[in-house]
file entry26.txt (compact mmCIF, C-alpha atoms)
# COMPACT_ATOMS: atom_id res chain seq x y z
CA MET A 1 0.00 0.00 0.00
CA LYS A 2 1.27 3.46 -0.91
CA LYS A 3 1.10 6.20 1.70
CA ILE A 4 0.35 9.75 0.53
CA LEU A 5 0.53 12.84 2.73
CA LEU A 6 -1.00 16.21 1.85
CA ILE A 7 0.49 19.18 3.70
CA LYS A 8 -1.53 22.39 4.11
CA LEU A 9 -1.53 23.96 7.55
CA CYS A 10 -3.69 27.07 7.10
CA CYS A 11 -6.16 28.59 6.56
CA ILE A 12 -9.86 27.66 6.39
CA GLY A 13 -10.60 28.70 2.80
CA ASP A 14 -7.25 27.46 1.52
CA VAL A 15 -7.72 24.04 3.11
CA ILE A 16 -11.24 23.75 1.69
CA PHE A 17 -9.83 24.58 -1.76
CA THR A 18 -7.76 21.39 -1.50
CA THR A 19 -10.77 19.10 -1.04
CA PRO A 20 -11.26 18.46 -4.80
CA LEU A 21 -7.64 17.27 -4.83
CA ILE A 22 -8.36 14.94 -1.90
CA ARG A 23 -11.36 13.51 -3.74
CA THR A 24 -9.38 13.08 -6.97
CA ILE A 25 -6.57 11.22 -5.24
CA ARG A 26 -8.98 8.93 -3.41
CA GLN A 27 -10.85 8.12 -6.63
CA ASN A 28 -7.64 7.29 -8.47
CA PHE A 29 -5.91 5.45 -5.63
CA PRO A 30 -8.74 3.80 -3.68
CA GLY A 31 -6.46 1.32 -1.93
CA ASP A 32 -3.78 3.77 -0.83
CA ASN A 33 -3.45 5.46 2.55
CA VAL A 34 -4.22 9.17 2.16
CA SER A 35 -3.45 11.40 5.15
CA TYR A 36 -3.43 15.15 5.71
CA LEU A 37 -1.23 17.38 7.89
CA VAL A 38 -3.12 20.52 8.93
CA GLY A 39 -2.94 23.22 11.61
CA LYS A 40 -5.25 23.41 14.63
CA TRP A 41 -7.04 26.49 13.27
CA SER A 42 -8.23 24.66 10.14
CA ARG A 43 -8.57 21.03 11.21
CA ASP A 44 -12.33 21.19 11.81
CA VAL A 45 -13.11 21.35 8.10
CA LEU A 46 -11.29 18.05 7.52
CA MET A 47 -12.02 15.94 10.59
CA ALA A 48 -15.25 14.42 9.19
CA ASN A 49 -13.88 13.91 5.67
CA PRO A 50 -14.39 10.20 4.85
CA ARG A 51 -11.87 10.35 2.00
CA LEU A 52 -8.97 10.72 4.45
CA ASP A 53 -7.50 7.86 6.44
CA GLU A 54 -5.99 10.20 9.01
CA VAL A 55 -5.89 13.91 9.84
CA MET A 56 -2.69 14.87 11.65
CA VAL A 57 -2.40 18.22 13.41
CA TYR A 58 0.68 20.43 13.50
CA ASP A 59 0.90 24.19 13.99
CA PRO A 60 3.67 26.07 12.18
CA PRO A 61 6.26 27.80 14.40
CA GLN A 62 4.72 31.29 14.18
CA PHE A 63 1.47 29.95 15.70
CA ALA A 64 3.12 27.96 18.50
CA GLY A 65 3.43 30.85 20.96
CA ASN A 66 7.11 30.59 21.87
CA LYS A 67 10.33 29.22 20.40
CA LEU A 68 10.69 26.30 22.79
CA ARG A 69 7.16 25.08 22.17
CA ALA A 70 7.64 25.49 18.44
CA LEU A 71 10.82 23.44 18.55
CA VAL A 72 9.24 20.66 20.60
CA GLU A 73 6.11 20.48 18.43
CA THR A 74 8.16 20.47 15.23
CA ALA A 75 10.47 17.71 16.45
CA THR A 76 7.52 15.65 17.68
CA CYS A 77 5.72 16.01 14.37
CA LEU A 78 8.78 15.06 12.33
CA ILE A 79 9.33 11.95 14.44
CA ARG A 80 5.73 10.93 14.01
CA LEU A 81 5.87 11.46 10.25
CA ARG A 82 9.03 9.36 10.00
CA GLN A 83 7.31 6.58 11.89
CA LYS A 84 4.41 6.67 9.42
CA ARG A 85 6.82 6.09 6.49
CA PHE A 86 5.01 8.11 3.87
CA ASP A 87 6.04 7.46 0.27
CA THR A 88 4.80 10.69 -1.27
CA ALA A 89 4.09 14.21 -0.05
CA LEU A 90 1.93 16.71 -1.91
CA ILE A 91 3.11 20.06 -0.58
CA LEU A 92 0.35 22.63 -0.96
CA HIS A 93 2.31 25.57 0.43
CA ARG A 94 4.34 27.82 -1.81
CA THR A 95 7.50 27.98 0.25
CA SER A 96 10.79 26.10 0.37
CA VAL A 97 10.34 25.64 4.14
CA ALA A 98 7.48 23.20 3.54
CA GLY A 99 9.61 21.20 1.13
CA LEU A 100 12.46 21.06 3.63
CA PHE A 101 10.01 19.94 6.32
CA ALA A 102 8.84 17.02 4.16
CA LYS A 103 12.43 16.06 3.41
CA MET A 104 13.30 16.07 7.12
CA ALA A 105 10.27 13.82 7.65
CA GLY A 106 11.95 11.22 5.44
CA ILE A 107 9.47 11.45 2.57
CA GLN A 108 11.35 10.50 -0.58
CA ARG A 109 8.92 11.79 -3.20
CA ARG A 110 8.03 15.44 -2.70
CA ILE A 111 5.68 17.14 -5.16
CA GLY A 112 4.98 20.86 -4.96
CA PHE A 113 4.88 24.21 -6.73
CA ASP A 114 7.86 25.77 -8.43
CA TYR A 115 6.95 29.21 -7.13
CA ASP A 116 9.55 32.00 -7.19
CA GLY A 117 12.39 29.56 -6.53
CA SER A 118 10.67 27.80 -3.64
CA GLY A 119 11.00 24.29 -5.05
CA LYS A 120 14.62 23.48 -4.21
CA TYR A 121 13.68 20.69 -1.80
CA LEU A 122 11.14 19.12 -4.14
CA THR A 123 11.74 16.02 -6.22
CA GLU A 124 9.00 16.99 -8.70
CA LYS A 125 8.06 20.57 -9.45
CA VAL A 126 4.70 21.71 -10.81
CA TYR A 127 4.29 25.00 -12.65
CA PHE A 128 2.31 27.52 -10.58
CA ARG A 129 -0.45 29.03 -12.73
CA LYS A 130 -0.89 32.50 -11.27
CA LYS A 131 -4.10 33.32 -13.14
CA LYS A 132 -5.93 30.08 -12.31
CA HIS A 133 -8.39 29.49 -9.51
CA GLU A 134 -6.84 28.11 -6.32
CA VAL A 135 -8.77 24.85 -6.71
CA ASP A 136 -7.29 24.29 -10.17
CA ARG A 137 -3.80 25.05 -8.92
CA TYR A 138 -4.05 22.43 -6.21
CA LEU A 139 -5.46 19.89 -8.67
CA ASP A 140 -2.34 20.46 -10.80
CA LEU A 141 -0.32 18.74 -8.09
CA ALA A 142 -1.98 15.44 -9.00
CA THR A 143 -0.48 15.57 -12.51
CA PRO A 144 2.85 13.92 -11.53
CA LEU A 145 0.77 11.03 -10.14
CA GLY A 146 -0.49 10.33 -13.65
CA ILE A 147 -3.90 11.95 -13.18
CA GLU A 148 -5.51 14.00 -15.94
CA THR A 149 -6.71 16.97 -13.89
CA GLU A 150 -8.45 19.05 -16.56
CA SER A 151 -11.56 16.88 -16.28
CA CYS A 152 -11.59 16.72 -12.46
CA ASP A 153 -14.61 17.98 -10.54
CA PRO A 154 -13.63 21.32 -8.93
CA THR A 155 -16.50 21.30 -6.40
CA THR A 156 -15.27 21.84 -2.84
CA GLU A 157 -16.74 19.78 -0.02
CA VAL A 158 -17.00 19.96 3.76
CA PHE A 159 -18.51 17.04 5.67
CA VAL A 160 -20.40 17.23 8.96
CA SER A 161 -20.35 14.86 11.93
CA GLN A 162 -23.19 13.52 14.05
CA GLU A 163 -21.77 15.44 17.02
CA SER A 164 -21.92 18.78 15.22
CA GLU A 165 -25.45 18.03 13.99
CA ALA A 166 -26.57 17.32 17.56
CA HIS A 167 -24.98 20.57 18.76
CA ILE A 168 -26.86 22.61 16.13
CA ASP A 169 -30.13 20.86 16.99
CA ALA A 170 -29.68 21.97 20.60
CA LEU A 171 -28.50 25.45 19.64
CA MET A 172 -31.50 26.10 17.41
CA GLU A 173 -33.86 24.84 20.06
CA ALA A 174 -32.23 27.03 22.74
CA ASN A 175 -32.57 30.09 20.47
CA GLU A 176 -36.13 29.15 19.46
CA ILE A 177 -35.31 28.98 15.75
CA ASP A 178 -38.03 27.18 13.81
CA LYS A 179 -36.42 24.31 11.89
CA ASP A 180 -39.12 24.47 9.22
CA ARG A 181 -38.54 28.16 8.47
CA LEU A 182 -36.30 29.32 5.64
CA MET A 183 -32.99 30.40 7.18
CA VAL A 184 -30.36 32.79 5.78
CA ALA A 185 -26.93 33.18 7.37
CA ILE A 186 -25.02 36.47 7.40
CA CYS A 187 -21.38 36.90 8.39
CA ALA A 188 -20.77 40.62 8.90
CA GLY A 189 -17.28 40.14 10.34
CA GLY A 190 -14.61 37.67 9.33
CA GLY A 191 -11.29 38.30 7.66
CA LYS A 192 -9.48 36.81 10.63
CA ASN A 193 -6.71 34.22 10.49
CA PRO A 194 -4.01 33.42 13.05
CA GLY A 195 -1.82 36.48 13.29
CA THR A 196 -3.82 38.47 10.73
CA LEU A 197 -6.96 40.61 10.90
CA MET A 198 -8.10 41.80 7.47
CA LEU A 199 -10.83 44.36 8.17
CA LEU A 200 -10.62 45.60 4.59
CA LYS A 201 -12.44 42.40 3.50
CA ARG A 202 -15.60 43.42 5.39
CA TRP A 203 -18.61 45.09 3.80
CA ILE A 204 -20.03 48.22 5.43
CA PRO A 205 -22.30 47.43 8.46
CA GLU A 206 -25.05 49.70 7.09
CA GLY A 207 -25.30 47.44 4.06
CA PHE A 208 -25.92 44.40 6.24
CA VAL A 209 -28.62 46.32 8.14
CA GLU A 210 -30.55 47.06 4.95
CA THR A 211 -30.02 43.52 3.64
CA ALA A 212 -31.32 41.97 6.86
CA LYS A 213 -34.34 44.29 6.77
CA TYR A 214 -35.18 43.09 3.28
CA LEU A 215 -34.83 39.43 4.23
CA ILE A 216 -37.02 39.78 7.34
CA GLN A 217 -39.66 42.22 6.12
CA GLU A 218 -40.01 41.20 2.48
CA LEU A 219 -39.16 37.50 2.50
CA ASP A 220 -40.02 36.60 6.11
CA VAL A 221 -36.97 34.39 6.55
CA ALA A 222 -35.04 33.66 9.74
CA VAL A 223 -31.81 35.67 9.63
CA VAL A 224 -28.96 34.17 11.68
CA PHE A 225 -25.69 36.02 12.21
CA VAL A 226 -22.61 33.82 12.35
CA GLY A 227 -18.94 34.42 12.97
CA GLY A 228 -16.19 33.99 15.48
CA SER A 229 -14.34 35.84 18.19
CA GLY A 230 -13.97 39.51 17.28
CA ASP A 231 -17.21 39.64 15.27
CA GLU A 232 -19.47 40.32 18.26
CA LYS A 233 -19.23 44.12 18.24
CA VAL A 234 -20.17 44.70 14.60
CA THR A 235 -22.93 42.09 14.79
CA LYS A 236 -24.44 43.74 17.86
CA TRP A 237 -24.35 47.14 16.12
CA ILE A 238 -26.22 45.72 13.12
CA MET A 239 -28.81 43.81 15.14
CA GLU A 240 -29.68 46.89 17.19
CA ARG A 241 -30.78 48.59 13.97
CA ILE A 242 -32.86 45.77 12.52
CA PRO A 243 -36.62 45.85 13.06
CA GLY A 244 -37.97 42.39 13.75
CA LYS A 245 -36.34 39.25 15.02
CA ALA A 246 -32.87 38.08 14.04
CA TYR A 247 -30.66 35.53 15.76
CA ASP A 248 -27.14 36.11 17.06
CA LEU A 249 -25.11 32.89 16.89
CA VAL A 250 -21.73 34.60 16.65
CA GLY A 251 -19.09 32.79 18.67
CA LYS A 252 -21.46 29.95 19.57
CA THR A 253 -20.06 27.36 17.16
CA THR A 254 -16.78 25.77 16.22
CA PHE A 255 -15.97 25.59 12.53
CA ALA A 256 -17.26 22.01 12.46
CA GLN A 257 -20.53 23.05 14.11
CA LEU A 258 -20.80 26.06 11.81
CA ALA A 259 -20.68 23.66 8.85
CA SER A 260 -23.74 21.85 10.23
CA LEU A 261 -25.57 25.15 10.73
CA LEU A 262 -24.77 26.50 7.28
CA LYS A 263 -25.82 23.23 5.67
CA ARG A 264 -29.35 23.94 6.90
CA CYS A 265 -29.43 27.46 5.47
CA ALA A 266 -31.01 28.44 2.17
CA LEU A 267 -28.38 31.12 1.60
CA PHE A 268 -25.14 32.57 2.99
CA ILE A 269 -24.11 36.22 2.62
CA GLY A 270 -20.67 37.51 3.58
CA GLY A 271 -17.20 38.57 2.52
CA ASP A 272 -14.16 36.57 1.48
CA THR A 273 -13.68 34.69 4.73
CA GLY A 274 -13.71 31.16 6.14
CA PRO A 275 -17.49 30.82 6.71
CA LEU A 276 -18.11 31.69 3.04
CA HIS A 277 -16.06 28.72 1.90
CA ILE A 278 -17.56 26.45 4.55
CA ALA A 279 -21.02 27.35 3.25
CA ALA A 280 -20.01 26.56 -0.32
CA GLY A 281 -18.39 23.33 0.86
CA VAL A 282 -21.63 22.04 2.42
CA GLY A 283 -23.61 22.95 -0.70
CA THR A 284 -25.34 26.13 0.49
CA PRO A 285 -25.83 28.90 -2.12
CA THR A 286 -23.67 31.95 -1.40
CA ILE A 287 -23.47 35.65 -2.14
CA ALA A 288 -19.83 36.63 -1.76
CA LEU A 289 -18.83 40.28 -1.38
CA PHE A 290 -15.39 40.93 -2.81
CA GLY A 291 -13.16 43.98 -2.79
CA PRO A 292 -9.45 43.64 -2.02
CA SER A 293 -9.14 39.98 -3.08
CA ASP A 294 -9.68 38.59 -6.56
CA PRO A 295 -12.85 36.47 -6.95
CA ARG A 296 -11.46 34.98 -10.16
CA LEU A 297 -8.94 33.16 -7.97
CA VAL A 298 -10.87 32.35 -4.80
CA ALA A 299 -14.65 32.82 -5.16
CA PRO A 300 -16.96 29.78 -4.84
CA ARG A 301 -17.86 28.51 -8.29
CA GLY A 302 -21.09 27.21 -9.75
CA LYS A 303 -24.55 28.46 -10.71
CA LYS A 304 -25.76 28.73 -7.12
CA HIS A 305 -22.87 30.98 -6.10
CA ILE A 306 -22.79 34.70 -6.92
CA HIS A 307 -19.93 37.06 -6.21
CA ILE A 308 -20.20 40.84 -6.26
CA TRP A 309 -17.00 42.64 -7.19
CA LYS A 310 -16.79 46.12 -8.65
CA GLY A 311 -13.25 45.73 -9.93
CA ILE A 312 -12.23 49.33 -9.31
CA ASP A 313 -8.78 50.49 -10.41
CA CYS A 314 -6.95 49.65 -7.19
CA SER A 315 -8.62 46.24 -6.74
CA PRO A 316 -7.45 43.58 -6.16
CA CYS A 317 -4.80 44.77 -3.74
CA TYR A 318 -4.65 41.77 -1.39
CA TYR A 319 -2.46 38.93 -2.57
CA PRO A 320 -2.23 35.94 -0.22
CA ASP A 321 1.39 34.88 -0.12
CA THR A 322 2.27 31.91 2.10
CA SER A 323 1.67 30.89 5.70
CA PHE A 324 5.35 31.50 6.40
CA ARG A 325 5.44 35.12 5.24
CA LYS A 326 3.12 38.05 5.77
CA SER A 327 0.47 38.75 3.20
CA SER A 328 0.75 42.03 1.33
CA PHE A 329 -1.72 44.91 1.37
CA SER A 330 -1.75 48.12 -0.61
CA CYS A 331 -5.13 49.70 0.07
CA ASN A 332 -6.34 53.25 0.29
CA GLU A 333 -7.93 53.89 3.66
CA GLY A 334 -11.36 54.51 2.19
CA PHE A 335 -12.02 50.83 1.38
CA GLU A 336 -13.72 52.09 -1.78
CA CYS A 337 -13.85 48.59 -3.26
CA MET A 338 -16.19 47.36 -0.51
CA ARG A 339 -18.12 50.61 -0.11
CA SER A 340 -18.96 50.58 -3.79
CA ILE A 341 -21.12 47.47 -3.27
CA THR A 342 -24.71 48.58 -2.76
CA THR A 343 -27.66 47.00 -0.98
CA GLU A 344 -29.39 46.86 -4.36
CA ASP A 345 -26.55 44.70 -5.67
CA VAL A 346 -27.05 42.24 -2.82
CA VAL A 347 -30.86 42.25 -3.00
CA ASP A 348 -30.76 41.57 -6.74
CA SER A 349 -28.52 38.56 -6.05
CA ILE A 350 -30.86 37.34 -3.30
CA LYS A 351 -33.77 37.45 -5.78
CA LYS A 352 -31.78 35.37 -8.27
CA LEU A 353 -30.93 32.67 -5.73
CA LEU A 354 -34.09 32.58 -3.63
CA GLY A 355 -36.57 33.44 -6.36
call {"tool": "encode", "arguments": {"input": "entry26.txt", "output": "structure tokens"}}
result
Amino acid sequence: MKKILLIKLCCIGDVIFTTPLIRTIRQNFPGDNVSYLVGKWSRDVLMANPRLDEVMVYDPPQFAGNKLRALVETATCLIRLRQKRFDTALILHRTSVAGLFAKMAGIQRRIGFDYDGSGKYLTEKVYFRKKKHEVDRYLDLATPLGIETESCDPTTEVFVSQESEAHIDALMEANEIDKDRLMVAICAGGGKNPGTLMLLKRWIPEGFVETAKYLIQELDVAVVFVGGSGDEKVTKWIMERIPGKAYDLVGKTTFAQLASLLKRCALFIGGDTGPLHIAAGVGTPTIALFGPSDPRLVAPRGKKHIHIWKGIDCSPCYYPDTSFRKSSFSCNEGFECMRSITTEDVVDSIKKLLG
């Protein structure tokens, strides 16, 4: 039996973008052992994935907290990987550090991107297509395995567990949310990853107020606000200005539990952040609000997903680099790209998806 290891430590959206690659490998090598090395922040979106034999958790040094802990965790992880005796590593990061890490783990075959000279520790280098969607880029890494990737299904997927389903049942009951009522999720915050807070990815709060009003007053749906730590303040501000009943579930779910909640929703509305890609992964239609990042590279794809992006002169200005180096920003302080999105834009998209 061959043993294949995929390495992608962070972050939520990026890890979800690799799920078509996971599915493709499993379909082509049904008898092989397929494992995944991921960071603690992002592991929830993989833990219930039946296509993986094992999900191993390792946080990169900058997330460990201190140098000693980082050293101990790195050494422990490398020892464990050596014991597993993996034949092949698919390195989904664009940095030479990841290639070196796989080499130190004793993995003889190391496949990854030849990105700005980062492939010196790889045994097989794959051309990095800068203008292609992230999903397609990751699928390219299956090419050295003899897989024809052009015909692969690019649909992302996030699976839910019985435990997370039970948690959402209890949460909805505690908040008196009618299970038979149409439910729309809104994430007004987001843009947060370990060590990075990208407020420029957020739409204006006033826009979410008007959108929620439309959903409640015109469509009579249950509006639930979702998000994580740091999203409470903006959500509270919005909810105080909404006539009628909305539900605040911000900070009340893990990412795994959020997947179960979003799976029950008829629609998700939010910016380019983790919950958006979780919603798409569980099959929920989405309206994605883009400004600084490029939807041609990272927006959910398919007929039931709509992205709104004005494409003003200075957009995109956010280019995700790697988990080992800071991402780059070059934005005017007015956030014009997000402010240019109107409530009418969002309402028109709601009408298209909800009818």
call {"tool": "atom_distance", "arguments": {"input": "entry26.txt", "atom1": "CA of Val224 in chain A", "atom2": "CA of Asp44 in chain A"}}
result
21.1 Å
call {"tool": "atom_distance", "arguments": {"input": "entry26.txt", "atom1": "CA of Glu163 in chain A", "atom2": "CA of Thr196 in chain A"}}
result
29.9 Å
call {"tool": "residues_around", "arguments": {"input": "entry26.txt", "residues": "Pro243 in chain A", "least_positions_apart": "4", "cutoff": "10 Å", "atoms": "all atoms listed in the file", "output": "ChimeraX atom specification"}}
result
/A:209,212-213,216-217,239
call {"tool": "closest_atom_pairs", "arguments": {"input": "entry26.txt", "of": "range 214-297 of chain A", "to": "range 16-33 of chain A", "cutoff": "10 Å", "atoms": "only C-alpha atoms", "output": "CSV"}}
result
residue,atom,partner,partner_atom,distance
A:Gly274,CA,A:Ile16,CA,9.0
A:His277,CA,A:Ile16,CA,6.9
A:Ile278,CA,A:Ile16,CA,7.4
A:Ala280,CA,A:Ile16,CA,9.4
A:Gly281,CA,A:Ile16,CA,7.2
call {"tool": "closest_residue", "arguments": {"input": "entry26.txt", "among": "A:Ile269, A:His93, A:Arg129, A:Trp203", "to": "Leu297 in chain A", "atoms": "all atoms listed in the file"}}
result
A:Arg129
call {"tool": "closest_residue", "arguments": {"input": "entry26.txt", "among": "A:Met183, A:Val346, A:Val45, A:Leu81", "to": "Gln257 in chain A", "atoms": "all atoms listed in the file"}}
result
A:Val45
call {"tool": "closest_residue", "arguments": {"input": "entry26.txt", "among": "A:Gly355, A:Glu206, A:Leu262, A:Ala105", "to": "Thr76 in chain A", "atoms": "all atoms listed in the file"}}
result
A:Ala105
call {"tool": "atom_distance", "arguments": {"input": "entry26.txt", "atom1": "CA of Leu100 in chain A", "atom2": "CA of Lys2 in chain A"}}
result
21.3 Å
call {"tool": "residues_around", "arguments": {"input": "entry26.txt", "residues": "range 119-126 of chain A", "least_positions_apart": "2", "cutoff": "7 Å", "atoms": "all atoms listed in the file", "output": "PDB file with C-alpha atoms, in the coordinates of the input"}}
result
ATOM      1  CA  SER A  96      10.790  26.100   0.370  1.00  0.00           C
ATOM      2  CA  GLY A  99       9.610  21.200   1.130  1.00  0.00           C
ATOM      3  CA  LEU A 100      12.460  21.060   3.630  1.00  0.00           C
ATOM      4  CA  ARG A 109       8.920  11.790  -3.200  1.00  0.00           C
ATOM      5  CA  ARG A 110       8.030  15.440  -2.700  1.00  0.00           C
ATOM      6  CA  ILE A 111       5.680  17.140  -5.160  1.00  0.00           C
ATOM      7  CA  GLY A 112       4.980  20.860  -4.960  1.00  0.00           C
ATOM      8  CA  PHE A 113       4.880  24.210  -6.730  1.00  0.00           C
ATOM      9  CA  ASP A 114       7.860  25.770  -8.430  1.00  0.00           C
ATOM     10  CA  TYR A 115       6.950  29.210  -7.130  1.00  0.00           C
ATOM     11  CA  GLY A 117      12.390  29.560  -6.530  1.00  0.00           C
ATOM     12  CA  PHE A 128       2.310  27.520 -10.580  1.00  0.00           C
ATOM     13  CA  LEU A 141      -0.320  18.740  -8.090  1.00  0.00           C
TER      14      LEU A 141
END
call {"tool": "closest_atom_pairs", "arguments": {"input": "entry26.txt", "of": "range 252-288 of chain A", "to": "range 187-193 of chain A", "cutoff": "10 Å", "atoms": "all atoms listed in the file", "output": "tab-separated table"}}
result
residue	atom	partner	partner_atom	distance
A:Phe268	CA	A:Cys187	CA	7.9
A:Ile269	CA	A:Cys187	CA	6.4
A:Gly270	CA	A:Cys187	CA	4.9
A:Gly271	CA	A:Gly190	CA	7.3
A:Asp272	CA	A:Gly191	CA	7.0
A:Thr273	CA	A:Gly191	CA	5.2
A:Gly274	CA	A:Gly190	CA	7.3
A:Pro275	CA	A:Cys187	CA	7.4
A:Leu276	CA	A:Cys187	CA	8.2
call {"tool": "closest_residue", "arguments": {"input": "entry26.txt", "among": "A:Arg264, A:Lys233, A:Arg94, A:Lys103", "to": "Asp169 in chain A", "atoms": "all atoms listed in the file"}}
result
A:Arg264
call {"tool": "closest_atom_pairs", "arguments": {"input": "entry26.txt", "of": "range 60-151 of chain A", "to": "range 300-309 of chain A", "cutoff": "12 Å", "atoms": "only C-alpha atoms", "output": "JSON lines"}}
result
{"residue": "A:His133", "atom": "CA", "partner": "A:Arg301", "partner_atom": "CA", "distance": 9.6}
{"residue": "A:Glu134", "atom": "CA", "partner": "A:Pro300", "partner_atom": "CA", "distance": 10.4}
{"residue": "A:Val135", "atom": "CA", "partner": "A:Pro300", "partner_atom": "CA", "distance": 9.7}
{"residue": "A:Asp136", "atom": "CA", "partner": "A:Arg301", "partner_atom": "CA", "distance": 11.5}
call {"tool": "write_last_selection", "arguments": {"input": "entry26.txt", "atoms": "C-alpha atoms", "output": "CSV table (one decimal), in the frame of the given file"}}
result
chain,number,residue,atom,x,y,z
A,133,HIS,CA,-8.4,29.5,-9.5
A,134,GLU,CA,-6.8,28.1,-6.3
A,135,VAL,CA,-8.8,24.8,-6.7
A,136,ASP,CA,-7.3,24.3,-10.2
call {"tool": "residues_near_point", "arguments": {"input": "entry26.txt", "point": "(-16.3, 44.8, -10.4)", "cutoff": "10 Å", "atoms": "only C-alpha atoms", "output": "JSON, numbers by chain"}}
result
{"A": [290, 291, 294, 295, 307, 308, 309, 310, 311, 312, 313, 315, 316, 337, 340, 341]}
call {"tool": "closest_residue", "arguments": {"input": "entry26.txt", "among": "A:Arg339, A:Lys67, A:Lys263, A:Lys3", "to": "Ile168 in chain A", "atoms": "all atoms listed in the file"}}
result
A:Lys263
call {"tool": "closest_residue", "arguments": {"input": "entry26.txt", "among": "A:Leu68, A:Cys152, A:Leu219, A:Val38", "to": "Ile12 in chain A", "atoms": "all atoms listed in the file"}}
result
A:Val38
call {"tool": "axis_aligned_box", "arguments": {"input": "entry26.txt", "around": "range 169-186 of chain A", "padding_each_side": "3 Å", "output": "AutoDock Vina command-line options"}}
result
--center_x -32.1 --center_y 28.7 --center_z 14.2 --size_x 20.1 --size_y 21.6 --size_z 23.1
call {"tool": "residues_around", "arguments": {"input": "entry26.txt", "residues": "range 48-64 of chain A", "least_positions_apart": "4", "cutoff": "6 Å", "atoms": "all atoms listed in the file", "output": "PyMOL selection string"}}
result
chain A and resi 34-39+70+159-161
